[in-house]
$ cat protein_2.cif   # mmCIF, C-alpha atoms
data_upload
#
loop_
_atom_site.group_PDB
_atom_site.id
_atom_site.type_symbol
_atom_site.label_atom_id
_atom_site.label_comp_id
_atom_site.auth_asym_id
_atom_site.auth_seq_id
_atom_site.Cartn_x
_atom_site.Cartn_y
_atom_site.Cartn_z
ATOM 1 C CA ALA A 14 8.336 31.507 -51.482
ATOM 2 C CA ILE A 15 5.008 32.364 -49.894
ATOM 3 C CA VAL A 16 3.259 29.145 -50.979
ATOM 4 C CA PRO A 17 5.595 26.738 -49.111
ATOM 5 C CA PHE A 18 5.213 28.839 -45.962
ATOM 6 C CA GLN A 19 1.410 28.701 -46.200
ATOM 7 C CA LEU A 20 1.568 24.930 -46.764
ATOM 8 C CA LEU A 21 3.792 24.525 -43.731
ATOM 9 C CA LEU A 22 1.460 26.667 -41.616
ATOM 10 C CA ALA A 23 -1.559 24.638 -42.784
ATOM 11 C CA PHE A 24 0.225 21.368 -42.004
ATOM 12 C CA ILE A 25 1.168 22.526 -38.481
ATOM 13 C CA SER A 26 -2.347 23.750 -37.672
ATOM 14 C CA ASP A 27 -3.853 20.527 -39.027
ATOM 15 C CA THR A 28 -1.429 18.414 -36.938
ATOM 16 C CA LEU A 29 -2.191 20.420 -33.794
ATOM 17 C CA LEU A 30 -5.917 20.009 -34.383
ATOM 18 C CA HIS A 31 -5.564 16.210 -34.694
ATOM 19 C CA THR A 32 -3.347 16.095 -31.593
ATOM 20 C CA LEU A 33 -5.887 18.042 -29.537
ATOM 21 C CA GLN A 34 -8.722 15.851 -30.778
ATOM 22 C CA PHE A 35 -6.724 12.715 -29.885
ATOM 23 C CA SER A 36 -5.950 13.976 -26.369
ATOM 24 C CA ASP A 37 -9.631 14.872 -25.866
ATOM 25 C CA ALA A 38 -10.589 11.365 -26.957
ATOM 26 C CA ILE A 39 -8.158 9.828 -24.451
ATOM 27 C CA GLU A 40 -9.528 11.998 -21.638
ATOM 28 C CA ALA A 41 -13.071 11.032 -22.643
ATOM 29 C CA LEU A 42 -12.192 7.350 -22.189
ATOM 30 C CA ASP A 43 -11.203 8.118 -18.559
ATOM 31 C CA LEU A 44 -8.563 5.387 -18.361
ATOM 32 C CA ASP A 45 -7.012 5.036 -14.910
ATOM 33 C CA MET A 46 -4.074 3.001 -13.775
ATOM 34 C CA PRO A 47 -4.991 0.105 -11.478
ATOM 35 C CA GLU A 48 -4.677 0.971 -7.821
ATOM 36 C CA SER A 49 -1.680 -0.428 -5.973
ATOM 37 C CA HIS A 50 -2.130 -2.259 -2.678
ATOM 38 C CA LYS A 51 -0.528 0.637 -0.835
ATOM 39 C CA ALA A 52 -2.947 3.137 -2.385
ATOM 40 C CA GLU A 53 -5.882 0.793 -1.767
ATOM 41 C CA ASN A 54 -5.003 0.492 1.927
ATOM 42 C CA ALA A 55 -4.578 4.274 2.212
ATOM 43 C CA ARG A 56 -7.983 4.824 0.580
ATOM 44 C CA ARG A 57 -9.591 2.263 2.901
ATOM 45 C CA LYS A 58 -8.052 3.947 5.963
ATOM 46 C CA LYS A 59 -9.359 7.348 4.831
ATOM 47 C CA GLN A 60 -12.832 5.853 4.429
ATOM 48 C CA ASN A 61 -12.619 4.291 7.902
ATOM 49 C CA ILE A 62 -11.554 7.594 9.460
ATOM 50 C CA ALA A 63 -14.370 9.434 7.671
ATOM 51 C CA ALA A 64 -16.890 6.826 8.859
ATOM 52 C CA GLY A 65 -15.497 6.856 12.407
ATOM 53 C CA ILE A 66 -14.490 3.186 12.287
ATOM 54 C CA GLY A 67 -11.346 1.906 14.003
ATOM 55 C CA ASP A 68 -8.706 3.957 15.767
ATOM 56 C CA GLU A 69 -7.364 7.428 14.925
ATOM 57 C CA ASN A 70 -5.251 5.924 12.096
ATOM 58 C CA GLY A 71 -8.228 4.141 10.500
ATOM 59 C CA ARG A 72 -7.020 0.656 11.444
ATOM 60 C CA LEU A 73 -9.668 -1.902 12.309
ATOM 61 C CA PRO A 74 -9.505 -3.429 15.824
ATOM 62 C CA PRO A 75 -8.594 -7.033 14.850
ATOM 63 C CA ARG A 76 -5.656 -5.743 12.818
ATOM 64 C CA ILE A 77 -4.170 -3.748 15.686
ATOM 65 C CA LYS A 78 -1.439 -5.754 17.365
ATOM 66 C CA ALA A 79 -1.049 -5.576 21.100
ATOM 67 C CA GLY A 80 2.331 -4.363 22.276
ATOM 68 C CA ALA A 81 4.940 -6.814 23.482
ATOM 69 C CA LYS A 82 4.481 -7.848 27.098
ATOM 70 C CA MET A 83 7.587 -7.192 29.122
ATOM 71 C CA ALA A 84 8.643 -8.444 32.567
ATOM 72 C CA ARG A 85 11.287 -6.995 34.860
ATOM 73 C CA CYS A 86 13.563 -9.242 36.891
ATOM 74 C CA ILE A 87 13.064 -8.582 40.597
ATOM 75 C CA LEU A 88 16.711 -9.258 41.437
ATOM 76 C CA CYS A 89 18.603 -7.253 38.777
ATOM 77 C CA GLN A 90 15.854 -5.109 37.149
ATOM 78 C CA VAL A 91 16.582 -6.376 33.601
ATOM 79 C CA GLU A 92 13.512 -6.125 31.375
ATOM 80 C CA LEU A 93 12.845 -9.064 29.035
ATOM 81 C CA LYS A 94 10.020 -9.898 26.641
ATOM 82 C CA ILE A 95 7.439 -12.511 27.661
ATOM 83 C CA THR A 96 6.898 -15.109 24.930
ATOM 84 C CA LYS A 97 4.897 -18.330 24.643
ATOM 85 C CA SER A 98 7.893 -20.467 25.652
ATOM 86 C CA ASN A 99 9.709 -17.906 27.865
ATOM 87 C CA THR A 100 13.112 -19.294 26.885
ATOM 88 C CA GLU A 101 14.934 -16.003 27.499
ATOM 89 C CA LEU A 102 13.337 -15.587 30.911
ATOM 90 C CA LYS A 103 14.226 -19.164 31.900
ATOM 91 C CA GLN A 104 17.818 -18.804 30.699
ATOM 92 C CA HIS A 105 18.212 -15.514 32.540
ATOM 93 C CA SER A 106 16.810 -16.771 35.841
ATOM 94 C CA GLU A 107 18.730 -20.071 35.777
ATOM 95 C CA ASN A 108 22.070 -18.875 34.404
ATOM 96 C CA LYS A 109 22.423 -15.457 35.998
ATOM 97 C CA HIS A 110 20.748 -15.998 39.365
ATOM 98 C CA GLY A 111 20.467 -19.803 39.722
ATOM 99 C CA LYS A 112 16.762 -19.474 40.581
ATOM 100 C CA THR A 113 13.473 -20.400 38.954
ATOM 101 C CA ILE A 114 11.469 -18.231 36.615
ATOM 102 C CA ASP A 115 8.737 -17.779 39.254
ATOM 103 C CA ILE A 116 11.168 -16.122 41.649
ATOM 104 C CA CYS A 117 12.766 -13.751 39.127
ATOM 105 C CA PHE A 118 9.690 -12.952 37.011
ATOM 106 C CA PRO A 119 6.501 -13.455 39.075
ATOM 107 C CA GLY A 120 3.389 -13.755 36.907
ATOM 108 C CA ALA A 121 5.293 -14.387 33.670
ATOM 109 C CA GLU A 122 4.182 -18.030 33.466
ATOM 110 C CA ALA A 123 0.506 -17.028 33.749
ATOM 111 C CA ILE A 124 0.874 -14.453 30.964
ATOM 112 C CA SER A 125 2.700 -17.040 28.834
ATOM 113 C CA ALA A 126 -0.093 -19.589 29.359
ATOM 114 C CA GLU A 127 -2.657 -16.931 28.401
ATOM 115 C CA MET A 128 -0.708 -16.210 25.207
ATOM 116 C CA LYS A 129 -0.632 -19.934 24.330
ATOM 117 C CA ASN A 130 -4.398 -20.239 24.827
ATOM 118 C CA SER A 131 -5.160 -17.187 22.690
ATOM 119 C CA VAL A 132 -2.995 -18.491 19.833
ATOM 120 C CA ALA A 133 -4.501 -21.997 19.992
ATOM 121 C CA GLY A 134 -8.026 -20.582 19.767
ATOM 122 C CA GLY A 135 -7.159 -18.254 16.903
ATOM 123 C CA LYS A 136 -6.404 -20.833 14.203
ATOM 124 C CA LYS A 137 -8.234 -20.212 10.950
ATOM 125 C CA GLY A 138 -8.757 -21.958 7.633
ATOM 126 C CA LYS A 139 -6.540 -24.912 6.865
ATOM 127 C CA GLU A 140 -4.792 -24.739 10.243
ATOM 128 C CA ALA A 141 -8.072 -25.331 12.104
ATOM 129 C CA LYS A 142 -9.086 -28.222 9.829
ATOM 130 C CA ALA A 143 -5.711 -29.940 9.660
ATOM 131 C CA GLY A 144 -4.626 -32.027 12.603
ATOM 132 C CA SER A 145 -1.401 -31.134 14.265
ATOM 133 C CA GLY A 146 1.223 -33.403 15.729
ATOM 134 C CA LYS A 147 3.046 -36.544 14.775
ATOM 135 C CA ALA A 148 0.041 -38.322 13.246
ATOM 136 C CA SER A 149 -0.572 -35.697 10.573
ATOM 137 C CA LYS A 150 3.162 -35.363 9.846
ATOM 138 C CA LYS A 151 3.413 -39.122 9.398
ATOM 139 C CA ALA A 152 0.397 -39.145 7.047
ATOM 140 C CA THR A 153 1.907 -36.290 5.022
ATOM 141 C CA LYS A 154 5.227 -38.128 4.792
ATOM 142 C CA GLU A 155 3.481 -41.289 3.588
ATOM 143 C CA ASN A 156 1.610 -39.303 0.924
ATOM 144 C CA LEU A 157 4.859 -37.765 -0.268
ATOM 145 C CA ASP A 158 6.504 -41.187 -0.407
ATOM 146 C CA ASP A 159 3.612 -42.478 -2.542
ATOM 147 C CA LEU A 160 3.979 -39.528 -4.917
ATOM 148 C CA LEU A 161 7.705 -40.059 -5.176
ATOM 149 C CA MET A 162 7.332 -43.742 -5.951
ATOM 150 C CA ALA A 163 4.653 -43.026 -8.573
ATOM 151 C CA GLY A 164 6.934 -40.472 -10.206
ATOM 152 C CA MET A 165 9.903 -42.828 -10.242
ATOM 153 C CA ALA A 166 7.842 -45.653 -11.724
ATOM 154 C CA GLY A 167 6.664 -43.312 -14.453
ATOM 155 C CA GLY A 168 2.986 -43.816 -13.703
ATOM 156 C CA PRO A 169 0.614 -46.243 -15.419
ATOM 157 C CA GLY A 170 1.460 -47.328 -18.946
ATOM 158 C CA ALA A 171 4.992 -45.954 -18.934
ATOM 159 C CA LYS A 172 7.625 -47.900 -20.866
ATOM 160 C CA LYS A 173 11.225 -48.044 -19.815
ATOM 161 C CA LYS A 174 13.807 -47.299 -22.483
ATOM 162 C CA LYS A 175 16.774 -49.602 -22.834
ATOM 163 C CA GLY A 176 19.918 -47.867 -24.029
ATOM 164 C CA LYS A 177 20.680 -46.824 -27.613
ATOM 165 C CA LYS A 178 18.973 -48.400 -30.591
#
$ encode --input "protein_2.cif" --output "structure tokens"
Amino acid sequence: AIVPFQLLLAFISDTLLHTLQFSDAIEALDLDMPESHKAENARRKKQNIAAGIGDENGRLPPRIKAGAKMARCILCQVELKITKSNTELKQHSENKHGKTIDICFPGAEAISAEMKNSVAGGKKGKEAKAGSGKASKKATKENLDDLLMAGMAGGPGAKKKKGKK
């Protein structure tokens, strides 16, 4: 009865030794999981804070959005957001008071024009290269029509099948 117990003890110690050696080998490889975008951004912000770059949260200046610009109606003191088109301001001044936007929200048109200019100058990449307006839309539509017709025709060398054989 003693021999099977000694064999079992030897087997367990041998298995533990191999397990420890395997775990040491894995640690020696130093395999890490790839960093997620969230973790990457957090690491970058910590580096920015340590280097003294950006604001107190480590955000870089171009990535910090300016707060929404608000305007208060002179007649009823309602506060509305100034946008590029100012549709809410126009609707409010015309429908509620029957006046123009300049009377209800003085200076809102100038801020709106400034916003339009800043957006127009800030185009990057494909937006800056591509023309805007009806001409480019028409050219795009023509290109799509050409692609559609080529696909329907089956392209060069395509044979049309005629029913069952």
$ atom_distance --input "protein_2.cif" --atom1 "atom CA of A:Cys117" --atom2 "atom CA of A:Leu88"
6.4 Å
$ resolve_selection --input "protein_2.cif" --expression "the PyMOL selection byres ((chain A and resi 101-111) around 12)" --output "JSON list (two decimals) with C-alpha atoms, in the coordinates of the input"
[["chain", "number", "residue", "atom", "x", "y", "z"],
["A", 83, "MET", "CA", 7.59, -7.19, 29.12],
["A", 84, "ALA", "CA", 8.64, -8.44, 32.57],
["A", 85, "ARG", "CA", 11.29, -7.00, 34.86],
["A", 86, "CYS", "CA", 13.56, -9.24, 36.89],
["A", 87, "ILE", "CA", 13.06, -8.58, 40.60],
["A", 88, "LEU", "CA", 16.71, -9.26, 41.44],
["A", 89, "CYS", "CA", 18.60, -7.25, 38.78],
["A", 90, "GLN", "CA", 15.85, -5.11, 37.15],
["A", 91, "VAL", "CA", 16.58, -6.38, 33.60],
["A", 92, "GLU", "CA", 13.51, -6.12, 31.38],
["A", 93, "LEU", "CA", 12.84, -9.06, 29.04],
["A", 94, "LYS", "CA", 10.02, -9.90, 26.64],
["A", 95, "ILE", "CA", 7.44, -12.51, 27.66],
["A", 96, "THR", "CA", 6.90, -15.11, 24.93],
["A", 97, "LYS", "CA", 4.90, -18.33, 24.64],
["A", 98, "SER", "CA", 7.89, -20.47, 25.65],
["A", 99, "ASN", "CA", 9.71, -17.91, 27.86],
["A", 100, "THR", "CA", 13.11, -19.29, 26.88],
["A", 112, "LYS", "CA", 16.76, -19.47, 40.58],
["A", 113, "THR", "CA", 13.47, -20.40, 38.95],
["A", 114, "ILE", "CA", 11.47, -18.23, 36.62],
["A", 115, "ASP", "CA", 8.74, -17.78, 39.25],
["A", 116, "ILE", "CA", 11.17, -16.12, 41.65],
["A", 117, "CYS", "CA", 12.77, -13.75, 39.13],
["A", 118, "PHE", "CA", 9.69, -12.95, 37.01],
["A", 119, "PRO", "CA", 6.50, -13.46, 39.08],
["A", 120, "GLY", "CA", 3.39, -13.76, 36.91],
["A", 121, "ALA", "CA", 5.29, -14.39, 33.67],
["A", 122, "GLU", "CA", 4.18, -18.03, 33.47],
["A", 125, "SER", "CA", 2.70, -17.04, 28.83]]
$ atom_distance --input "protein_2.cif" --atom1 "atom CA of A:Asp68" --atom2 "atom CA of A:Ala126"
28.5 Å
$ axis_aligned_box --input "protein_2.cif" --around "stretch 111-116 of chain A" --padding-each-side "8 Å" --output "AutoDock Vina command-line options"
--center_x 14.6 --center_y -18.3 --center_z 39.1 --size_x 27.7 --size_y 20.3 --size_z 21.0
$ atom_distance --input "protein_2.cif" --atom1 "atom CA of A:Leu73" --atom2 "atom CA of A:Arg57"
10.3 Å
$ closest_residue --input "protein_2.cif" --among "A:Met128, A:Ala152, A:Ala163, A:Leu22" --to "A:Ala79" --atoms "only C-alpha atoms"
A:Met128
